[in-house]
Amino acid sequence: MPEETIFSKIIRKEIPSDIVYQDDLVTAFRDISPQAPVHVLIVPNHLIPSVNDVTDDDEAVMGRMMNVARIIAEQEGITESGYRLIVNCGPDGHQDVMHLHMHILGGRDMGFMLSRP
Ligand code: AMP
């Protein structure tokens with residue numbers, strides 16, 4: 001069994017967080033260290049450590065995450081201005097929390113997709 005992270009406690013509301021959306025499959029809450037005026041994380045309610053651990057059985061929840069990104073964009077008023085969705089995976093992707101999550105970032109021009117050193 002993969003080890004739970006702090007996100008499981010957030011999903012179960014065992015610790016404080018700013019949850020903006022929750023249903024039977026996913027939970028969305030504001031990032032504790034926002035990188036943009038809107039920075040929300042969308043996570044599956046059951047623990048999937050990373051994209052590397054996604055299975056055929058997870059297709060419904062993966063689709064729900066994308067649909068909820070659209071709903072949150074509407075809630076946050078950034079549908080027209082636009083936003084960026086990011087899913088980090090593994091060391092090179094700089095994934096810090098091993099509970100798969102999608103970042104939704106917006107409310108300002110997010111710049112080029114990747115930094116260009
Ligand atoms: P990643 O680098 O893709 O794994 O992103 C992890 C994100 O989780 C970072 O943006 C953190 O700021 C965020 N984060 C970590 N702990 C919490 C928390 N307790 N509540 C909300 N966001 C968190």
# chains A, B, ... in the order shown; residues from 1 in each chain; ligands from 1
call {"tool": "closest_atom_pairs", "arguments": {"of": "chain A", "to": "ligand 1", "cutoff": "7 Å", "atoms": "only C-alpha atoms and all ligand atoms", "output": "CSV"}}
result
residue,atom,partner,partner_atom_place_in_ligand_line,distance
A:Ile6,CA,ligand 1,19 (N),6.1
A:Phe7,CA,ligand 1,19 (N),6.8
A:Ser17,CA,ligand 1,20 (N),6.1
A:Phe29,CA,ligand 1,21 (C),6.7
A:Arg30,CA,ligand 1,21 (C),5.9
A:Asp31,CA,ligand 1,22 (N),3.7
A:Ile32,CA,ligand 1,21 (C),3.9
A:Ser33,CA,ligand 1,12 (O),4.3
A:Pro34,CA,ligand 1,12 (O),6.6
A:Val87,CA,ligand 1,3 (O),6.3
A:Asn88,CA,ligand 1,3 (O),4.8
A:His94,CA,ligand 1,2 (O),5.4
A:Gln95,CA,ligand 1,4 (O),3.7
A:Asp96,CA,ligand 1,4 (O),3.5
A:Val97,CA,ligand 1,4 (O),4.1
A:Met98,CA,ligand 1,4 (O),6.6
A:His101,CA,ligand 1,3 (O),6.8
call {"tool": "write_last_selection", "arguments": {"atoms": "C-alpha atoms", "output": "PDB file, in the first residue's frame"}}
result
ATOM      1  CA  ILE A   6      -1.143  15.276   3.851  1.00  0.00           C
ATOM      2  CA  PHE A   7      -3.587  15.431   0.935  1.00  0.00           C
ATOM      3  CA  SER A  17      -7.672  23.639   4.186  1.00  0.00           C
ATOM      4  CA  PHE A  29      -8.427  22.998  -2.546  1.00  0.00           C
ATOM      5  CA  ARG A  30      -6.307  26.145  -2.661  1.00  0.00           C
ATOM      6  CA  ASP A  31      -2.551  25.643  -2.768  1.00  0.00           C
ATOM      7  CA  ILE A  32      -0.947  26.664   0.521  1.00  0.00           C
ATOM      8  CA  SER A  33       1.825  28.482  -1.354  1.00  0.00           C
ATOM      9  CA  PRO A  34       0.070  30.047  -4.341  1.00  0.00           C
ATOM     10  CA  VAL A  87       0.632  17.623 -13.401  1.00  0.00           C
ATOM     11  CA  ASN A  88       4.166  17.003 -12.159  1.00  0.00           C
ATOM     12  CA  HIS A  94       9.615  18.069  -9.407  1.00  0.00           C
ATOM     13  CA  GLN A  95       6.659  16.268  -7.885  1.00  0.00           C
ATOM     14  CA  ASP A  96       6.882  16.977  -4.156  1.00  0.00           C
ATOM     15  CA  VAL A  97       3.672  15.423  -2.825  1.00  0.00           C
ATOM     16  CA  MET A  98       3.175  11.790  -3.816  1.00  0.00           C
ATOM     17  CA  HIS A 101      -2.635  16.264  -8.281  1.00  0.00           C
TER      18      HIS A 101
END
call {"tool": "residues_around", "arguments": {"residues": "Leu25 (chain A)", "least_positions_apart": "5", "cutoff": "8 Å", "atoms": "only C-alpha atoms", "output": "PDB file with all heavy atoms, in the first residue's frame"}}
result
ATOM      1  N   PRO A  44      -7.445  13.189  -6.822  1.00  0.00           N
ATOM      2  CA  PRO A  44      -8.382  12.068  -6.675  1.00  0.00           C
ATOM      3  C   PRO A  44      -8.600  11.781  -5.192  1.00  0.00           C
ATOM      4  O   PRO A  44      -7.659  11.894  -4.396  1.00  0.00           O
ATOM      5  CB  PRO A  44      -7.669  10.889  -7.369  1.00  0.00           C
ATOM      6  CG  PRO A  44      -6.246  11.281  -7.482  1.00  0.00           C
ATOM      7  CD  PRO A  44      -6.147  12.773  -7.380  1.00  0.00           C
ATOM      8  N   ASN A  45      -9.816  11.391  -4.816  1.00  0.00           N
ATOM      9  CA  ASN A  45     -10.089  11.121  -3.402  1.00  0.00           C
ATOM     10  C   ASN A  45      -9.357   9.871  -2.910  1.00  0.00           C
ATOM     11  O   ASN A  45      -9.006   9.785  -1.733  1.00  0.00           O
ATOM     12  CB  ASN A  45     -11.591  10.951  -3.173  1.00  0.00           C
ATOM     13  CG  ASN A  45     -12.334  12.268  -3.294  1.00  0.00           C
ATOM     14  OD1 ASN A  45     -11.733  13.345  -3.217  1.00  0.00           O
ATOM     15  ND2 ASN A  45     -13.644  12.190  -3.500  1.00  0.00           N
ATOM     16  N   HIS A  46      -9.129   8.912  -3.792  1.00  0.00           N
ATOM     17  CA  HIS A  46      -8.344   7.746  -3.373  1.00  0.00           C
ATOM     18  C   HIS A  46      -6.895   7.961  -3.800  1.00  0.00           C
ATOM     19  O   HIS A  46      -6.613   8.640  -4.799  1.00  0.00           O
ATOM     20  CB  HIS A  46      -8.921   6.447  -3.916  1.00  0.00           C
ATOM     21  CG  HIS A  46      -8.712   6.219  -5.383  1.00  0.00           C
ATOM     22  ND1 HIS A  46      -9.455   6.848  -6.354  1.00  0.00           N
ATOM     23  CD2 HIS A  46      -7.819   5.432  -6.038  1.00  0.00           C
ATOM     24  CE1 HIS A  46      -9.047   6.446  -7.536  1.00  0.00           C
ATOM     25  NE2 HIS A  46      -8.058   5.599  -7.391  1.00  0.00           N
ATOM     26  N   VAL A  61     -11.899   8.812 -12.901  1.00  0.00           N
ATOM     27  CA  VAL A  61     -11.449   9.883 -12.006  1.00  0.00           C
ATOM     28  C   VAL A  61     -10.503  10.841 -12.754  1.00  0.00           C
ATOM     29  O   VAL A  61     -10.521  12.054 -12.512  1.00  0.00           O
ATOM     30  CB  VAL A  61     -10.828   9.329 -10.711  1.00  0.00           C
ATOM     31  CG1 VAL A  61      -9.536   8.609 -10.930  1.00  0.00           C
ATOM     32  CG2 VAL A  61     -10.630  10.437  -9.697  1.00  0.00           C
ATOM     33  N   ARG A  64     -12.723  13.081 -14.595  1.00  0.00           N
ATOM     34  CA  ARG A  64     -13.399  13.994 -13.664  1.00  0.00           C
ATOM     35  C   ARG A  64     -12.481  15.155 -13.299  1.00  0.00           C
ATOM     36  O   ARG A  64     -12.920  16.310 -13.189  1.00  0.00           O
ATOM     37  CB  ARG A  64     -13.839  13.236 -12.415  1.00  0.00           C
ATOM     38  CG  ARG A  64     -14.615  14.054 -11.387  1.00  0.00           C
ATOM     39  CD  ARG A  64     -16.023  14.391 -11.841  1.00  0.00           C
ATOM     40  NE  ARG A  64     -16.830  13.198 -12.034  1.00  0.00           N
ATOM     41  CZ  ARG A  64     -17.526  12.572 -11.067  1.00  0.00           C
ATOM     42  NH1 ARG A  64     -17.539  13.058  -9.857  1.00  0.00           N
ATOM     43  NH2 ARG A  64     -18.224  11.476 -11.331  1.00  0.00           N
TER      44      ARG A  64
END
call {"tool": "select_by_dssp", "arguments": {"residues": "chain A", "states": "strand (DSSP E)", "output": "tab-separated table (two decimals) with C-alpha atoms, in the first residue's frame"}}
result
chain	number	residue	atom	x	y	z
A	19	ILE	CA	-11.63	23.28	-0.15
A	20	VAL	CA	-13.34	24.85	-3.17
A	21	TYR	CA	-14.93	21.70	-4.60
A	22	GLN	CA	-15.55	18.10	-3.54
A	26	VAL	CA	-12.18	14.31	-6.48
A	27	THR	CA	-11.38	17.15	-4.09
A	28	ALA	CA	-10.05	20.60	-4.99
A	29	PHE	CA	-8.43	23.00	-2.55
A	30	ARG	CA	-6.31	26.15	-2.66
A	38	VAL	CA	-5.70	31.48	-8.63
A	39	HIS	CA	-3.83	28.32	-7.61
A	40	VAL	CA	-5.99	25.31	-6.87
A	41	LEU	CA	-5.02	21.64	-6.62
A	42	ILE	CA	-7.39	18.94	-7.87
A	43	VAL	CA	-6.75	15.49	-6.42
A	44	PRO	CA	-8.38	12.07	-6.68
A	83	TYR	CA	-5.25	29.29	-17.15
A	84	ARG	CA	-2.63	26.55	-17.03
A	85	LEU	CA	-3.05	22.95	-15.88
A	86	ILE	CA	0.07	21.18	-14.60
A	102	MET	CA	-3.44	18.74	-11.02
A	103	HIS	CA	-2.50	22.37	-10.49
A	104	ILE	CA	-4.85	24.97	-11.97
A	105	LEU	CA	-3.09	28.31	-12.19
A	106	GLY	CA	-4.51	31.58	-13.48
call {"tool": "atom_distance", "arguments": {"atom1": "CA of His99 (chain A)", "atom2": "CA of Pro49 (chain A)"}}
result
4.2 Å
